[in-house]
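The structure under discussion appears below in the form of structure tokens.
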Amino acid sequence: MNIQDNFNTGGDSHPQGFPATVPLSSTCGFDNFGLHPKVMAGVRGARYSEPTPIQARAIPPIMQGQDVIGLAQTGTGKTAAFALPLLHRLLPGPRGRVRTLVISPTRELAEQTYDSFCSLGRSTGLRCTAIYGGVGMEPQVSKLKDGYEIVVACPGRLLDHIWRGTINLDHLEALVIDEADRMFDMGFLPDIRKIVQCIPVARQTLLFSATMPPDIRKLVMEVLRDPITVQVGQTRPANTVAHCLYPVAKHLKTSLLIRLLKETPTESVLVFTRTKRSAERVADHLAREGFRVASLQGNLSQGQRERAMDSFRAGTAKVMVATDIAARGLDVLRISHVVNYDMPDSTDTYTHRIGRTGRIEHKGEAFTFITPEDAAMVRDLEKLLGKPIERRTLDGFDYNKPAPARQATRPTRAGNYPLASRRDSRRPVNTKP
């Protein structure tokens with residue numbers, strides 16, 4: 001599968017305590033980088049025209065072997081920003097040994113990064129593999145024996161291979177820590193430190209993150225040497241996204257979501273819930289209403305997750321209901337709406353969620369359901385955006401309907417919801433939720 005990075009650009013700044021950002025040349029283009037012709041063949045195959053700002057700033061110092069801190073939001077083209085120069089640097093060297101390691105927080109992001117390396121490096125002869133949990137370990141052991149120059153890995157499974165001695169990192173030349181802030185959110189920083197202790201000290205290290213919390217700053221000081229900082233955009237949602245709030249009682253959220261989806265013209269909709277159980281329940285309700293829906297949450301097997309994502313990317317499912325962790329690395333171009341069924345726990349999480357829409361200068365909308373308990377987060381969001389967020393109500397919706405005295409919770413099935421559930425299989429499927 002050919003995965004292209006999606007682009008959103010913003011203003012430039014640099015965080016206190018880190019070197020200034022690399023300046024952007026007004027004449028910068030892929031032809032100006034001096035990439036190997038076999039790497040340039042991958043650029044043309046991916047139909048890249050002009051480099052995004054993160055690519056224009058990051059590619060030259062990475063090609064020169066420098067350590068780099070890349071600060072950029074999802075959708076700015078950062079995968080190609082490190083994949084292209086690393087492919088260029090790997091070409092002259094030996095084959096059949098692990099020379100570049102990319103650490104990703106989730107299986108989905110690992111697969112996406114793997115696809116990018118395969119696409120961009122298809123003419124180089126360099127080999128890439130992805131290793132992560134949720135699937136059998138032995139097939140991965142067999143692949144690693146075959147000899148790969150590039151490994152994209154999730155921390156837990158990578159440590160399993162290191163401890164079993166089934167991966168040899170003695171010849172590692174470059175380490176990429178991708179989505180470092182999400183690694184922190186998911187509790188992976190101790191694993192990252194263990195991995196760093198098992199690889200050569202003499203290496204190039206690249207760290208990419210959307211934000212720079214204190215623990216990530218500390219990690220930077222530990223594992224990078226005289227890094228150059230490359231930052232594109234600010235840690236806030238793109239200006240191509242319109243934001244609005246829907247005040248609603250907690251017990252009416254699902255009914256409001258169903259009405260909104262039925263009455264709002266959409267392309268694809270990504271709905272975020274706080275818990276796996278909520279994702280399953282909401283997806284089940286939508287399926288029974290005739291929506292083409294998929295669920296993406298941590299209880300699913302790897303095969304189920306891949307089928308859910310494939311159905312959403314292909315448009316078979318028009319609505320994806322997901323948790324934050326499961327949706328990390330979900331790369332779908334034309335998501336027209338993001339719905340925060342549950343308020344995110346931080347402004348950074350809000351920014352990550354909303355970054356799934358309004359991409360490549362397309363317009364997007366973000367709907368957030370709020371209850372009285374969300375007042376403090378609403379104030380934080382309005383401070384982030386620098387203006388009040390519009391409050392909306394839906395005409396004809398009964399906001400005063402009391403909560404049932406006892407809500408029965410029927411079991412939901414963990415899995416995918418590519419079409420309406422069996423109970424409503426005779427009903428016409430809603431093709432425009």
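Each chain in the structure tokens gets a letter, A, B, ..., in the order shown, and its residues are numbered from 1; ligands are numbered from 1 in order too.
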
Could you give me the residues within stretch 17-242 of chain A that DSSP places in alpha helix (DSSP H), as a ChimeraX atom specification? /A:37-45,53-63,78-90,107-120,138-146,155-164,180-185,189-196,214-223

For this session: Quick one: everything within 10 Å of A:Val319, counting only C-alpha atoms, minus sequence neighbours fewer than 2 positions away in the same chain. Send it as a ChimeraX atom specification.
Result: /A:261,266-271,283,286-287,291-295,311-312,315-317,321-322,335,337-338,417-418,432-433

Export of the given selection (C-alpha atoms) as a PDB file, in the first residue's frame:
ATOM      1  CA  LEU A 261     -24.868  12.092  11.787  1.00  0.00           C
ATOM      2  CA  THR A 266     -20.320  14.280   5.759  1.00  0.00           C
ATOM      3  CA  GLU A 267     -17.606  12.340   3.953  1.00  0.00           C
ATOM      4  CA  SER A 268     -16.014  10.285   6.737  1.00  0.00           C
ATOM      5  CA  VAL A 269     -16.522  10.825  10.464  1.00  0.00           C
ATOM      6  CA  LEU A 270     -14.149   9.937  13.291  1.00  0.00           C
ATOM      7  CA  VAL A 271     -15.807   9.682  16.713  1.00  0.00           C
ATOM      8  CA  ALA A 283     -20.427   1.685  17.525  1.00  0.00           C
ATOM      9  CA  LEU A 286     -24.773   3.336  15.329  1.00  0.00           C
ATOM     10  CA  ALA A 287     -24.749  -0.022  13.549  1.00  0.00           C
ATOM     11  CA  PHE A 291     -24.786   3.386   9.776  1.00  0.00           C
ATOM     12  CA  ARG A 292     -21.767   1.849   8.144  1.00  0.00           C
ATOM     13  CA  VAL A 293     -19.469   1.921  11.152  1.00  0.00           C
ATOM     14  CA  ALA A 294     -16.175   0.459  12.326  1.00  0.00           C
ATOM     15  CA  SER A 295     -14.778   0.310  15.846  1.00  0.00           C
ATOM     16  CA  SER A 311     -12.854  -0.474   5.765  1.00  0.00           C
ATOM     17  CA  PHE A 312     -12.660   3.143   6.946  1.00  0.00           C
ATOM     18  CA  GLY A 315     -15.077   4.135   2.540  1.00  0.00           C
ATOM     19  CA  THR A 316     -16.885   0.873   3.272  1.00  0.00           C
ATOM     20  CA  ALA A 317     -17.335   2.241   6.780  1.00  0.00           C
ATOM     21  CA  VAL A 321     -15.546   5.066  16.615  1.00  0.00           C
ATOM     22  CA  ALA A 322     -12.164   4.967  18.336  1.00  0.00           C
ATOM     23  CA  ILE A 335     -12.126  12.875   7.265  1.00  0.00           C
ATOM     24  CA  HIS A 337     -15.717  15.634  10.783  1.00  0.00           C
ATOM     25  CA  VAL A 338     -14.240  14.717  14.130  1.00  0.00           C
ATOM     26  CA  TYR A 417     -18.962  -2.909  12.379  1.00  0.00           C
ATOM     27  CA  PRO A 418     -18.429  -2.478   8.644  1.00  0.00           C
ATOM     28  CA  LYS A 432     -24.467   9.377   3.977  1.00  0.00           C
ATOM     29  CA  PRO A 433     -24.378   9.283   7.775  1.00  0.00           C
TER      30      PRO A 433
END

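Minimum atom-to-atom distances from A:Pro105, A:Thr264, A:His36, A:Ser123 to A:Leu189 were compared using only C-alpha atoms, and the lowest value belongs to A:Pro105.
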
What are the nearest atom pairs, with distances in Å to one decimal, for all residues of stretch 60-117 of chain A that come at most 9 Å from stretch 163-171 of chain A, using only C-alpha atoms, set out by chain and rising residue number as a tab-separated table?
residue	atom	partner	partner_atom	distance
A:Arg97	CA	A:His171	CA	6.8
A:Val98	CA	A:Leu169	CA	6.0
A:Arg99	CA	A:His171	CA	5.7
A:Thr100	CA	A:His171	CA	8.9
A:Leu101	CA	A:Leu169	CA	8.6

Go ahead and dump the residues you just picked, C-alpha atoms, as a CSV table (one decimal), in the first residue's frame.
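Result file is out-v1.csv:
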chain,number,residue,atom,x,y,z
A,97,ARG,CA,22.0,-6.2,9.1
A,98,VAL,CA,19.8,-3.8,11.1
A,99,ARG,CA,21.2,-0.3,10.6
A,100,THR,CA,18.2,1.8,11.2
A,101,LEU,CA,15.6,1.4,14.0

**OP:** Give the answer as one residue: which of A:Arg47, A:His243, A:Lys218, A:Arg392 has the shortest atom-to-atom distance to A:Ala366, using only C-alpha atoms?
**Re:**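 Among the listed residues, the smallest separation from A:Ala366 belongs to A:His243.
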
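The environment of A:Val378 within 12 Å, counting only C-alpha atoms and disregarding residues fewer than 4 places along the same chain, consists of A:His243, A:Cys244, A:Leu245, A:Tyr246, A:Pro247, A:Met343, A:Pro344, A:Asp345, A:Ser346, A:Thr347, A:Tyr350, A:Thr368, A:Phe369, A:Ile370, A:Thr371, A:Pro372, A:Glu373, A:Asp374, A:Glu382, A:Lys383, A:Leu384, A:Leu385, A:Gly386, A:Lys387, A:Pro388, A:Ile389, A:Glu390, A:Arg391.
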
Please extract the residues of stretch 43-174 of chain A with a backbone DSSP assignment of strand (DSSP E) and present them as a PyMOL selection string.
chain A and resi 68-71+100-103+128-131+150-153+174

Q) Do you know which residues are at most 9 Å from A:Arg353 counting only C-alpha atoms, after dropping those on the same chain fewer than 3 positions away, and could you put them as a ChimeraX atom specification? A) /A:270,272,324,327-328,338-340,344,348-350,356-357

Please, could you write that set of residues out with all heavy atoms as an mmCIF file, in the first residue's frame?
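result-v4.cif, written as the output of this step:
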data_model
loop_
_atom_site.group_PDB
_atom_site.id
_atom_site.type_symbol
_atom_site.label_atom_id
_atom_site.label_comp_id
_atom_site.auth_asym_id
_atom_site.auth_seq_id
_atom_site.Cartn_x
_atom_site.Cartn_y
_atom_site.Cartn_z
ATOM 1 N N LEU A 270 -14.909 10.621 12.252
ATOM 2 C CA LEU A 270 -14.149 9.937 13.291
ATOM 3 C C LEU A 270 -14.703 10.369 14.646
ATOM 4 O O LEU A 270 -14.703 11.562 14.972
ATOM 5 C CB LEU A 270 -12.668 10.293 13.180
ATOM 6 C CG LEU A 270 -11.688 9.634 14.149
ATOM 7 C CD1 LEU A 270 -11.804 8.117 14.111
ATOM 8 C CD2 LEU A 270 -10.265 10.068 13.830
ATOM 9 N N PHE A 272 -14.507 10.045 18.737
ATOM 10 C CA PHE A 272 -13.604 9.667 19.824
ATOM 11 C C PHE A 272 -14.366 9.460 21.124
ATOM 12 O O PHE A 272 -15.151 10.320 21.541
ATOM 13 C CB PHE A 272 -12.545 10.746 20.052
ATOM 14 C CG PHE A 272 -11.431 10.719 19.042
ATOM 15 C CD1 PHE A 272 -11.387 11.642 18.013
ATOM 16 C CD2 PHE A 272 -10.425 9.764 19.134
ATOM 17 C CE1 PHE A 272 -10.353 11.621 17.088
ATOM 18 C CE2 PHE A 272 -9.394 9.737 18.208
ATOM 19 C CZ PHE A 272 -9.356 10.669 17.186
ATOM 20 N N ASP A 324 -8.417 7.126 21.915
ATOM 21 C CA ASP A 324 -7.241 7.906 21.536
ATOM 22 C C ASP A 324 -6.047 7.033 21.192
ATOM 23 O O ASP A 324 -5.386 7.236 20.178
ATOM 24 C CB ASP A 324 -6.854 8.860 22.669
ATOM 25 C CG ASP A 324 -7.852 9.985 22.843
ATOM 26 O OD1 ASP A 324 -8.070 10.728 21.873
ATOM 27 O OD2 ASP A 324 -8.412 10.118 23.933
ATOM 28 N N ALA A 327 -6.434 5.103 17.891
ATOM 29 C CA ALA A 327 -6.482 5.918 16.680
ATOM 30 C C ALA A 327 -5.150 6.569 16.350
ATOM 31 O O ALA A 327 -5.015 7.183 15.293
ATOM 32 C CB ALA A 327 -7.553 6.995 16.811
ATOM 33 N N ARG A 328 -4.151 6.443 17.223
ATOM 34 C CA ARG A 328 -2.854 7.039 16.930
ATOM 35 C C ARG A 328 -2.261 6.360 15.704
ATOM 36 O O ARG A 328 -2.167 5.153 15.615
ATOM 37 C CB ARG A 328 -1.919 6.851 18.122
ATOM 38 C CG ARG A 328 -0.664 7.683 18.034
ATOM 39 C CD ARG A 328 -0.993 9.154 18.136
ATOM 40 N NE ARG A 328 0.211 9.964 18.255
ATOM 41 C CZ ARG A 328 0.213 11.249 18.503
ATOM 42 N NH1 ARG A 328 -0.922 11.886 18.672
ATOM 43 N NH2 ARG A 328 1.330 11.919 18.583
ATOM 44 N N VAL A 338 -14.661 15.414 12.925
ATOM 45 C CA VAL A 338 -14.240 14.717 14.130
ATOM 46 C C VAL A 338 -15.250 15.055 15.219
ATOM 47 O O VAL A 338 -15.584 16.231 15.430
ATOM 48 C CB VAL A 338 -12.828 15.137 14.579
ATOM 49 C CG1 VAL A 338 -12.526 14.609 15.975
ATOM 50 C CG2 VAL A 338 -11.782 14.625 13.586
ATOM 51 N N VAL A 339 -15.758 14.037 15.891
ATOM 52 C CA VAL A 339 -16.714 14.232 16.979
ATOM 53 C C VAL A 339 -16.084 13.753 18.282
ATOM 54 O O VAL A 339 -15.716 12.577 18.398
ATOM 55 C CB VAL A 339 -18.027 13.469 16.722
ATOM 56 C CG1 VAL A 339 -19.001 13.692 17.885
ATOM 57 C CG2 VAL A 339 -18.673 13.908 15.406
ATOM 58 N N ASN A 340 -15.938 14.655 19.220
ATOM 59 C CA ASN A 340 -15.494 14.282 20.560
ATOM 60 C C ASN A 340 -16.722 13.877 21.366
ATOM 61 O O ASN A 340 -17.357 14.715 22.007
ATOM 62 C CB ASN A 340 -14.766 15.456 21.224
ATOM 63 C CG ASN A 340 -13.463 15.786 20.551
ATOM 64 O OD1 ASN A 340 -12.614 14.922 20.353
ATOM 65 N ND2 ASN A 340 -13.292 17.045 20.176
ATOM 66 N N PRO A 344 -11.791 15.302 25.562
ATOM 67 C CA PRO A 344 -10.429 14.818 25.801
ATOM 68 C C PRO A 344 -9.905 15.300 27.146
ATOM 69 O O PRO A 344 -10.419 16.258 27.728
ATOM 70 C CB PRO A 344 -9.634 15.413 24.636
ATOM 71 C CG PRO A 344 -10.431 16.586 24.183
ATOM 72 C CD PRO A 344 -11.866 16.237 24.433
ATOM 73 N N ASP A 348 -3.620 19.048 24.455
ATOM 74 C CA ASP A 348 -2.777 18.329 23.494
ATOM 75 C C ASP A 348 -3.556 17.191 22.842
ATOM 76 O O ASP A 348 -3.469 16.968 21.622
ATOM 77 C CB ASP A 348 -1.532 17.764 24.184
ATOM 78 C CG ASP A 348 -0.475 18.821 24.446
ATOM 79 O OD1 ASP A 348 -0.569 19.917 23.847
ATOM 80 O OD2 ASP A 348 0.447 18.560 25.240
ATOM 81 N N THR A 349 -4.319 16.456 23.656
ATOM 82 C CA THR A 349 -5.128 15.368 23.100
ATOM 83 C C THR A 349 -6.173 15.918 22.143
ATOM 84 O O THR A 349 -6.438 15.330 21.080
ATOM 85 C CB THR A 349 -5.808 14.575 24.230
ATOM 86 O OG1 THR A 349 -4.803 14.038 25.096
ATOM 87 C CG2 THR A 349 -6.633 13.434 23.673
ATOM 88 N N TYR A 350 -6.777 17.045 22.489
ATOM 89 C CA TYR A 350 -7.733 17.680 21.585
ATOM 90 C C TYR A 350 -7.063 18.005 20.251
ATOM 91 O O TYR A 350 -7.624 17.733 19.181
ATOM 92 C CB TYR A 350 -8.281 18.955 22.224
ATOM 93 C CG TYR A 350 -9.332 19.669 21.401
ATOM 94 C CD1 TYR A 350 -10.676 19.315 21.493
ATOM 95 C CD2 TYR A 350 -8.982 20.685 20.509
ATOM 96 C CE1 TYR A 350 -11.644 19.948 20.736
ATOM 97 C CE2 TYR A 350 -9.946 21.331 19.749
ATOM 98 C CZ TYR A 350 -11.273 20.963 19.866
ATOM 99 O OH TYR A 350 -12.228 21.602 19.100
ATOM 100 N N ARG A 356 -6.967 15.102 12.723
ATOM 101 C CA ARG A 356 -7.388 14.090 11.745
ATOM 102 C C ARG A 356 -8.272 14.668 10.651
ATOM 103 O O ARG A 356 -8.522 14.001 9.647
ATOM 104 C CB ARG A 356 -8.150 12.966 12.455
ATOM 105 C CG ARG A 356 -7.372 12.313 13.571
ATOM 106 C CD ARG A 356 -6.117 11.667 13.066
ATOM 107 N NE ARG A 356 -5.248 11.278 14.173
ATOM 108 C CZ ARG A 356 -4.070 10.729 14.014
ATOM 109 N NH1 ARG A 356 -3.605 10.520 12.801
ATOM 110 N NH2 ARG A 356 -3.322 10.410 15.053
ATOM 111 N N THR A 357 -8.760 15.884 10.837
ATOM 112 C CA THR A 357 -9.572 16.520 9.795
ATOM 113 C C THR A 357 -8.926 17.842 9.403
ATOM 114 O O THR A 357 -7.974 18.296 10.027
ATOM 115 C CB THR A 357 -11.017 16.761 10.290
ATOM 116 O OG1 THR A 357 -11.821 17.208 9.200
ATOM 117 C CG2 THR A 357 -11.087 17.784 11.411
#

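Proximity of A:Gly45, A:Ile131, A:Val282, A:Gly96 to A:Glu149, computed with only C-alpha atoms, is greatest for A:Gly96.
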
Next item on the list: Find the spatial neighbours of stretch 150-157 of chain A, counting only C-alpha atoms, within a cut-off of 9 Å - ignore same-chain residues fewer than 3 positions away - and output them as a ChimeraX atom specification.
Entry: /A:97-107,110-111,113-114,117,126-133,137,144,160-162,188,191-192,195

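The residue set within 7 Å of A:Gly29, counting only C-alpha atoms and dropping same-chain residues fewer than 2 places from it, reads Thr27, Asp31, Asn32, Glu50 and Pro51 of chain A.
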
Put those residues in a file: N, CA, C and O atoms, as a PDB file, in the first residue's frame.
ATOM      1  N   THR A  27      14.124  28.476  -2.295  1.00  0.00           N
ATOM      2  CA  THR A  27      14.261  27.718  -3.538  1.00  0.00           C
ATOM      3  C   THR A  27      14.348  26.218  -3.276  1.00  0.00           C
ATOM      4  O   THR A  27      14.775  25.468  -4.138  1.00  0.00           O
ATOM      5  N   ASP A  31      14.673  18.137  -5.563  1.00  0.00           N
ATOM      6  CA  ASP A  31      15.859  18.051  -6.412  1.00  0.00           C
ATOM      7  C   ASP A  31      17.056  18.765  -5.809  1.00  0.00           C
ATOM      8  O   ASP A  31      18.198  18.481  -6.181  1.00  0.00           O
ATOM      9  N   ASN A  32      16.828  19.699  -4.901  1.00  0.00           N
ATOM     10  CA  ASN A  32      17.915  20.468  -4.309  1.00  0.00           C
ATOM     11  C   ASN A  32      18.587  19.758  -3.144  1.00  0.00           C
ATOM     12  O   ASN A  32      19.643  20.211  -2.680  1.00  0.00           O
ATOM     13  N   GLU A  50       6.429  19.363  -3.939  1.00  0.00           N
ATOM     14  CA  GLU A  50       7.317  20.216  -3.170  1.00  0.00           C
ATOM     15  C   GLU A  50       7.399  19.704  -1.734  1.00  0.00           C
ATOM     16  O   GLU A  50       6.415  19.210  -1.187  1.00  0.00           O
ATOM     17  N   PRO A  51       8.572  19.800  -1.108  1.00  0.00           N
ATOM     18  CA  PRO A  51       8.679  19.351   0.285  1.00  0.00           C
ATOM     19  C   PRO A  51       7.861  20.229   1.217  1.00  0.00           C
ATOM     20  O   PRO A  51       7.730  21.435   0.995  1.00  0.00           O
TER      21      PRO A  51
END

Between atom CA of A:Gly147 and atom CA of A:Gly125, distance in Å (one decimal):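 Here the two named atoms are 12.3 Å from each other.
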
Quiz prompt | Within 10 Å of A:Val201 using only C-alpha atoms, minus same-chain residues under 4 positions, as an MDAnalysis selection string | solution = chainID A and resid 172:173 196:197 205 223

Just how far from atom CA of A:Leu394 is atom CA of A:Ser255, in Å to one decimal?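 It comes out at 11.3 Å.
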
Judged by only C-alpha atoms, the minimum distance to A:Thr76 among A:Val232, A:Leu109, A:Pro214, A:Arg182 is found for A:Val232

Enter the distance from atom CA of A:His88 to atom CA of A:Gly42, in Å, rounded to one decimal.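 Taking atom CA of A:His88 as the start and atom CA of A:Gly42 as the end point, the length is 11.1 Å.
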